[in-house]
Structures are given as C-alpha cells and as structure tokens.
>>> print(open('protein34.cif').read())   # mmCIF, C-alpha atoms
data_coords
loop_
_atom_site.label_atom_id
_atom_site.label_comp_id
_atom_site.auth_asym_id
_atom_site.auth_seq_id
_atom_site.Cartn_x
_atom_site.Cartn_y
_atom_site.Cartn_z
CA MET O 1 37.08 86.72 19.00
CA ARG O 2 37.93 83.63 17.02
CA SER O 3 37.95 81.54 20.20
CA SER O 4 34.58 82.94 21.22
CA ARG O 5 32.98 82.03 17.89
CA GLY O 6 34.37 78.52 18.15
CA GLY O 7 32.95 78.17 21.64
CA SER O 8 29.57 79.31 20.41
CA ARG O 9 29.52 76.64 17.68
CA ALA O 10 30.44 73.96 20.21
CA THR O 11 27.64 75.06 22.51
CA ARG O 12 25.06 74.96 19.71
CA GLY O 13 26.11 71.43 18.65
CA HIS O 14 26.20 69.98 22.18
CA ARG O 15 23.52 67.35 23.02
CA PRO O 16 23.21 66.17 26.60
CA PRO O 17 23.09 62.38 27.12
CA LEU O 18 19.64 60.70 27.35
CA SER O 19 18.31 60.09 30.82
CA ARG O 20 17.40 56.51 31.73
CA ARG O 21 13.70 57.29 31.25
CA GLY O 22 14.37 58.88 27.87
CA LEU O 23 16.41 55.86 26.79
CA VAL O 24 13.62 53.45 27.73
CA THR O 25 11.06 55.57 25.89
CA ALA O 26 13.24 55.61 22.77
CA VAL O 27 13.70 51.82 22.84
CA VAL O 28 9.96 51.22 23.23
CA ALA O 29 9.24 53.55 20.31
CA VAL O 30 11.69 51.65 18.10
CA LEU O 31 10.15 48.30 19.06
CA LEU O 32 6.63 49.53 18.34
CA ALA O 33 7.68 50.90 14.97
CA GLY O 34 9.27 47.56 14.08
CA CYS O 35 6.13 45.76 15.18
CA ALA O 36 4.02 47.90 12.83
CA LEU O 37 6.38 47.24 9.92
CA LEU O 38 6.11 43.50 10.51
CA ALA O 39 2.27 43.66 10.36
CA GLY O 40 1.76 43.55 14.10
CA CYS O 41 3.30 41.83 17.07
CA ALA O 42 1.92 38.53 18.30
CA ARG O 43 -1.51 39.06 19.86
CA THR O 44 -3.44 36.89 22.25
CA PRO O 45 -6.40 35.44 20.29
CA ALA O 46 -9.80 36.73 21.36
CA THR O 47 -11.88 34.41 23.51
CA PRO O 48 -14.53 32.90 21.20
CA ALA O 49 -18.07 34.08 21.82
CA PRO O 50 -20.44 31.75 23.70
CA GLY O 51 -22.02 29.20 21.39
CA SER O 52 -19.06 29.09 19.02
CA PRO O 53 -18.33 25.69 17.46
CA THR O 54 -15.35 23.70 18.68
CA ARG O 55 -12.07 23.39 16.85
CA ALA O 56 -12.81 19.69 16.33
CA ARG O 57 -16.16 20.46 14.69
CA LEU O 58 -14.67 23.05 12.33
CA GLU O 59 -11.81 20.77 11.37
CA GLN O 60 -14.31 18.02 10.60
CA LEU O 61 -16.24 20.37 8.30
CA LEU O 62 -12.99 21.45 6.67
CA THR O 63 -12.30 17.84 5.73
CA GLU O 64 -15.81 17.41 4.30
CA VAL O 65 -16.02 20.54 2.14
CA ARG O 66 -14.91 20.52 -1.48
CA VAL O 67 -11.96 22.75 -2.37
CA VAL O 68 -11.27 24.45 -5.70
CA GLU O 69 -8.27 26.48 -6.73
CA HIS O 70 -10.06 29.77 -7.33
CA ARG O 71 -13.44 31.41 -7.83
CA THR O 72 -14.57 31.29 -11.42
CA ARG O 73 -16.67 34.03 -13.01
CA PRO O 74 -19.20 32.36 -15.32
CA GLY O 75 -21.26 35.55 -15.76
CA GLY O 76 -25.03 35.77 -15.81
CA TYR O 77 -25.53 36.67 -12.15
CA ASP O 78 -28.55 38.95 -11.88
CA ARG O 79 -30.53 38.99 -8.67
CA GLY O 80 -32.99 41.66 -9.80
CA CYS O 81 -36.52 40.56 -10.61
CA LEU O 82 -37.86 43.33 -12.84
CA ALA O 83 -39.26 42.43 -16.25
CA THR O 84 -35.86 42.75 -17.96
CA GLN O 85 -33.86 41.04 -15.19
CA ALA O 86 -32.93 37.38 -14.74
CA CYS O 87 -34.08 36.97 -11.10
CA VAL O 88 -31.67 34.03 -10.73
CA PHE O 89 -32.43 33.46 -7.02
CA GLY O 90 -36.14 34.25 -7.24
CA PRO O 91 -37.99 37.18 -5.64
CA ALA O 92 -36.20 38.52 -2.57
CA TRP O 93 -37.09 36.78 0.71
CA SER O 94 -39.80 34.58 -0.78
CA ASP O 95 -39.51 30.80 -1.04
CA GLY O 96 -43.13 30.19 -2.00
CA ARG O 97 -43.60 27.87 0.99
CA HIS O 98 -44.11 30.19 3.97
CA ASP O 99 -46.75 32.84 4.57
CA CYS O 100 -44.14 34.98 6.35
CA ASP O 101 -41.16 36.16 4.29
CA ALA O 102 -37.64 34.97 5.12
CA ARG O 103 -36.40 38.40 6.21
CA ASN O 104 -39.04 38.79 8.90
CA ARG O 105 -38.62 35.18 10.01
CA VAL O 106 -34.90 35.82 10.61
CA LEU O 107 -35.64 39.03 12.53
CA GLY O 108 -38.31 37.33 14.60
CA ALA O 109 -35.95 34.49 15.49
CA GLN O 110 -32.81 36.52 16.31
CA LEU O 111 -34.09 39.73 17.88
CA THR O 112 -35.16 40.07 21.50
CA ALA O 113 -38.00 42.22 22.87
CA VAL O 114 -39.68 41.86 19.48
CA ARG O 115 -42.82 43.86 18.68
CA PHE O 116 -44.83 42.63 15.69
CA ARG O 117 -47.23 44.62 13.54
CA PRO O 118 -50.73 44.01 14.86
CA GLY O 119 -52.72 41.72 12.59
CA SER O 120 -49.61 40.28 10.85
CA ARG O 121 -49.85 36.95 12.72
CA ASP O 122 -46.51 37.55 14.42
CA CYS O 123 -44.74 38.01 11.09
CA ILE O 124 -43.81 41.63 10.38
CA VAL O 125 -41.26 42.83 12.93
CA LEU O 126 -41.60 46.48 13.91
CA THR O 127 -38.96 46.79 16.64
CA GLY O 128 -36.52 44.69 18.63
CA THR O 129 -32.89 44.41 19.69
CA LEU O 130 -30.14 42.49 17.93
CA SER O 131 -27.13 40.93 19.66
CA ASP O 132 -24.97 41.29 16.58
CA PRO O 133 -22.95 38.17 15.63
CA TYR O 134 -20.41 40.24 13.67
CA THR O 135 -19.52 43.11 16.04
CA GLY O 136 -20.80 41.87 19.40
CA ARG O 137 -22.81 45.07 19.84
CA ARG O 138 -26.46 45.34 20.84
CA ILE O 139 -28.25 47.16 18.04
CA PRO O 140 -31.81 48.47 18.26
CA PHE O 141 -33.96 47.60 15.25
CA ASP O 142 -36.76 49.83 14.01
CA ARG O 143 -38.57 48.96 10.80
CA ALA O 144 -38.73 52.68 9.96
CA ARG O 145 -34.89 52.75 9.92
CA ALA O 146 -34.26 49.21 8.78
CA ARG O 147 -30.75 49.70 7.32
CA ALA O 148 -29.20 49.54 10.80
CA VAL O 149 -29.95 45.80 10.88
CA GLN O 150 -29.69 43.84 7.64
CA ILE O 151 -29.96 40.21 6.59
CA ASP O 152 -26.73 38.63 5.41
CA HIS O 153 -26.32 35.58 3.21
CA VAL O 154 -23.37 34.06 5.06
CA TYR O 155 -22.25 32.25 1.92
CA PRO O 156 -22.85 35.17 -0.47
CA LEU O 157 -25.30 34.63 -3.33
CA ALA O 158 -22.87 36.00 -5.94
CA ALA O 159 -20.11 33.71 -4.68
CA ALA O 160 -22.49 30.75 -4.69
CA TRP O 161 -23.44 31.54 -8.28
CA ASP O 162 -19.79 31.66 -9.33
CA LEU O 163 -18.90 28.46 -7.48
CA GLY O 164 -21.72 26.19 -8.59
CA ALA O 165 -25.21 27.63 -8.12
CA ALA O 166 -25.27 28.81 -11.74
CA ASN O 167 -25.82 25.13 -12.60
CA TRP O 168 -28.60 24.54 -10.07
CA SER O 169 -32.30 24.46 -10.80
CA LEU O 170 -34.22 27.64 -9.93
CA PRO O 171 -36.10 25.94 -7.04
CA GLN O 172 -32.79 24.93 -5.46
CA ARG O 173 -31.41 28.47 -5.77
CA ILE O 174 -34.59 29.88 -4.21
CA ARG O 175 -34.33 27.41 -1.32
CA PHE O 176 -30.68 28.39 -0.73
CA ALA O 177 -31.41 32.14 -0.85
CA ASN O 178 -34.13 31.78 1.78
CA ASP O 179 -32.64 29.17 4.10
CA VAL O 180 -33.30 30.80 7.46
CA GLU O 181 -31.62 28.09 9.52
CA VAL O 182 -28.46 27.61 7.44
CA ASN O 183 -27.47 30.70 5.47
CA LEU O 184 -29.27 33.81 6.77
CA LEU O 185 -28.25 36.03 9.68
CA ALA O 186 -29.51 39.35 11.00
CA VAL O 187 -26.37 41.48 11.38
CA ASP O 188 -25.04 45.01 11.73
CA GLY O 189 -25.89 46.86 8.51
CA GLY O 190 -22.48 48.48 8.11
CA SER O 191 -20.68 45.16 8.45
CA ASN O 192 -22.99 43.55 5.90
CA GLU O 193 -22.35 46.32 3.39
CA ASP O 194 -18.61 46.13 4.01
CA LYS O 195 -18.65 42.37 3.40
CA GLY O 196 -20.52 42.52 0.09
CA ASP O 197 -19.92 39.24 -1.76
CA ARG O 198 -16.47 38.66 -0.24
CA THR O 199 -15.55 35.22 1.08
CA PRO O 200 -13.45 34.31 4.18
CA ALA O 201 -10.04 34.87 2.59
CA ASP O 202 -11.02 38.53 2.12
CA TRP O 203 -13.48 39.16 4.94
CA LEU O 204 -14.16 38.04 8.49
CA PRO O 205 -16.39 39.68 11.12
CA PRO O 206 -14.81 42.80 12.64
CA ALA O 207 -15.01 41.29 16.16
CA PRO O 208 -12.45 38.42 16.38
CA ALA O 209 -14.52 36.75 19.12
CA TYR O 210 -17.11 35.86 16.45
CA HIS O 211 -14.72 34.34 13.90
CA CYS O 212 -15.35 30.78 15.10
CA PHE O 213 -19.12 31.28 14.92
CA TYR O 214 -18.84 32.72 11.41
CA ALA O 215 -16.57 29.91 10.25
CA GLY O 216 -19.09 27.37 11.50
CA LYS O 217 -21.98 29.04 9.69
CA TYR O 218 -20.00 29.40 6.46
CA LEU O 219 -18.81 25.81 6.44
CA THR O 220 -22.25 24.47 7.33
CA ALA O 221 -23.81 26.32 4.40
CA ALA O 222 -21.05 25.11 2.08
CA THR O 223 -21.35 21.46 3.06
CA ARG O 224 -25.16 21.46 3.21
CA TYR O 225 -25.39 22.72 -0.38
CA ASP O 226 -22.20 21.08 -1.70
CA LEU O 227 -20.63 24.45 -2.48
CA PRO O 228 -16.82 24.53 -2.52
CA LEU O 229 -14.29 26.72 -0.79
CA THR O 230 -11.42 28.21 -2.69
CA THR O 231 -7.97 27.18 -1.53
CA ALA O 232 -7.51 30.65 0.00
CA ASP O 233 -10.85 30.45 1.87
CA HIS O 234 -10.00 26.99 3.18
CA THR O 235 -6.66 28.28 4.47
CA ALA O 236 -8.33 31.27 6.14
CA LEU O 237 -10.94 29.14 7.92
CA ALA O 238 -8.36 26.57 9.00
CA ALA O 239 -6.44 29.43 10.64
CA VAL O 240 -9.63 30.50 12.44
CA ALA O 241 -10.29 26.94 13.62
CA ARG O 242 -6.94 26.76 15.40
CA HIS O 243 -8.13 29.39 17.89
CA CYS O 244 -11.55 27.87 18.57
CA PRO O 245 -12.35 26.10 21.86
#
>>> encode(input="protein34.cif", output="structure tokens")
Amino acid sequence: MRSSRGGSRATRGHRPPLSRRGLVTAVVAVLLAGCALLAGCARTPATPAPGSPTRARLEQLLTEVRVVEHRTRPGGYDRGCLATQACVFGPAWSDGRHDCDARNRVLGAQLTAVRFRPGSRDCIVLTGTLSDPYTGRRIPFDRARARAVQIDHVYPLAAAWDLGAANWSLPQRIRFANDVEVNLLAVDGGSNEDKGDRTPADWLPPAPAYHCFYAGKYLTAATRYDLPLTTADHTALAAVARHCP
C-alpha cells in the first residue's frame, strides 16, 4: 500500500519532455515577451508617403529654426470671441482679406470630387473626399456631418501663443491662424481631437508614413513665423528626418 501511494505521487508529478515544436514555441514566446518589455523590437521604418520632404530639406529647416529649452505658459490664451472673451487670434476662419473663409478654402483645395453649395461662388463645400495626411485613409466629407473631417493648425494656436505669439500684434496672429498654405490642413477628425495642442515630442500622425510630411509642415510654419521648437520637439523631428528619403 505504501509503495502504491508513492507510485501515485510520482505519476502525478511527472512531466514529459517538450517536443521540438513545443520548445521552439516556448523560445519564441520568451523573445516576444522580452521585446515588449524593451518597448518593442527594431522595426523597419515605414516608407514615407509620396510628396514627403527629403531628409536634407528637413535637416536644413532644423538648423534654421530657433530652439528653446521648454514651453512657457504666459497665460491669457483665449480663442473665444464672445463679448467677454479675448479673441486673441480673431474670429475663427476669418482673416478679413478673403470673401471665402479659411476653413472652406482648405476643404476646397484638399478634397477631391468637391461639390459646392450653389450660389456660393465655389466657396462653401458640401461634399468631397479627403486623402487624409495623418492616417492615410480616404474619408468622405459631408457638411451635414462635418466632424469627420476637421481643420488642424499644424503648429497649434495654443502652443504658438505660449512660444511667442502672445507678443505679436493681433493682425499677425490673425494671419497665422488663417494661413491656408502654411499652417492649415484638412485631416481626420479623430486624429485632430487626439492631437489637441500637443507638439511633436508628444504627438505625431498615427500613420508613420506621414511623419516626414508632418515634420515638413511643422518646421515650415515654425520658420515662416519665427516660432521656436522646444529641445524635445527638435529632438523628435530630427529623429523623424533620419527616416525620410
């Protein structure tokens, strides 16, 4: 009886050796777990989207842009334009120089298959399709459901205020906020809301293929308006540039 009980315990504790396939599977699992702990294994950089600036161009802009240690917070930023608000960048989408507002001018320039409101002199965009420069997706635009496609200030207005625009004249701030060629992009609404007023050290487009394009737009806006990059933003964009064509 005693021998039988001992045999039973031995049987319960016995573990057959791993097969070759099981051993390989276990090793792969360990390697993947280690890769996750080390914040990801080395990945092949995404091929930059067509039209992306070259590495040489981005590195030139990186040498031209001013750099500051960190983003200051001077206070006073208030974009609202109600009677009790400061309206520091002027009324939304209006620069006082164009009959058509900046938002519709961006949509009209970036969307394809555009349909304008009759009688608006090809200004008010009703429908169209966006090739999104942040996700790479094609997004249908319908004015009745306009949140799907939004207009992004590539160099965010709040960041610009903190990093120098607080000292500009109001006409210069209005020009910056409505600069269709330099600082405005029609983009995926969810990506725009996720970005908020974050700068490149904290946010880049979700599709890596568009990082070079975004870096070019951000640096162009910064240099055109003599706005600085923080040290962290400069480091982030320099890292992007290394993978550009």
>>> residues_around(input="protein34.cif", residues="region 112-127 of chain O", least_positions_apart="2", cutoff="8 Å", atoms="all atoms listed in the file", output="list in words")
Cys100, Asp101, Asn104, Arg105, Leu107, Gly108, Gln110, Thr129, Leu130, Pro140, Phe141, Asp142, Arg143 and Ala144 of chain O
>>> residues_around(input="protein34.cif", residues="Cys87 (chain O)", least_positions_apart="5", cutoff="12 Å", atoms="all atoms listed in the file", output="list in words")
Gly76, Tyr77, Asp78, Arg79, Gly80, Cys81, Leu82, Ala92, Leu157, Leu170, Pro171, Arg173, Ile174 and Ala177 of chain O
>>> closest_atom_pairs(input="protein34.cif", of="region 110-206 of chain O", to="region 46-69 of chain O", cutoff="10 Å", atoms="all atoms listed in the file", output="tab-separated table")
residue	atom	partner	partner_atom	distance
O:Pro133	CA	O:Ala49	CA	8.9
O:Gly136	CA	O:Ala49	CA	8.6
O:Leu163	CA	O:Val68	CA	8.8
>>> closest_residue(input="protein34.cif", among="O:Arg73, O:Leu237, O:Trp161, O:Asp202", to="Leu219 (chain O)", atoms="all atoms listed in the file")
O:Leu237
>>> axis_aligned_box(input="protein34.cif", around="region 73-91 of chain O", padding_each_side="4 Å", output="AutoDock Vina command-line options")
--center_x -28.0 --center_y 37.8 --center_z -11.8 --size_x 30.6 --size_y 19.0 --size_z 20.3
>>> residues_around(input="protein34.cif", residues="Asp194 (chain O)", least_positions_apart="3", cutoff="12 Å", atoms="all atoms listed in the file", output="VMD selection string")
chain O and resid 134 150 152 187 to 191 197 to 199 202 to 206
>>> write_last_selection(input="protein34.cif", atoms="C-alpha atoms", output="PDB file, keeping the file's coordinate frame")
ATOM      1  CA  TYR O 134     -20.410  40.240  13.670  1.00  0.00           C
ATOM      2  CA  GLN O 150     -29.690  43.840   7.640  1.00  0.00           C
ATOM      3  CA  ASP O 152     -26.730  38.630   5.410  1.00  0.00           C
ATOM      4  CA  VAL O 187     -26.370  41.480  11.380  1.00  0.00           C
ATOM      5  CA  ASP O 188     -25.040  45.010  11.730  1.00  0.00           C
ATOM      6  CA  GLY O 189     -25.890  46.860   8.510  1.00  0.00           C
ATOM      7  CA  GLY O 190     -22.480  48.480   8.110  1.00  0.00           C
ATOM      8  CA  SER O 191     -20.680  45.160   8.450  1.00  0.00           C
ATOM      9  CA  ASP O 197     -19.920  39.240  -1.760  1.00  0.00           C
ATOM     10  CA  ARG O 198     -16.470  38.660  -0.240  1.00  0.00           C
ATOM     11  CA  THR O 199     -15.550  35.220   1.080  1.00  0.00           C
ATOM     12  CA  ASP O 202     -11.020  38.530   2.120  1.00  0.00           C
ATOM     13  CA  TRP O 203     -13.480  39.160   4.940  1.00  0.00           C
ATOM     14  CA  LEU O 204     -14.160  38.040   8.490  1.00  0.00           C
ATOM     15  CA  PRO O 205     -16.390  39.680  11.120  1.00  0.00           C
ATOM     16  CA  PRO O 206     -14.810  42.800  12.640  1.00  0.00           C
TER      17      PRO O 206
END
>>> closest_residue(input="protein34.cif", among="O:Glu193, O:Arg147, O:Phe213, O:Pro228", to="Ala241 (chain O)", atoms="all atoms listed in the file")
O:Phe213
>>> closest_residue(input="protein34.cif", among="O:Ala158, O:Val240, O:Leu185, O:Ala232", to="Gly75 (chain O)", atoms="only C-alpha atoms")
O:Ala158
>>> resolve_selection(input="protein34.cif", expression="the PyMOL selection byres ((chain O and resi 221) around 12)", output="ChimeraX atom specification")
/O:61,64-65,153-157,160,176-185,214-220,222-229
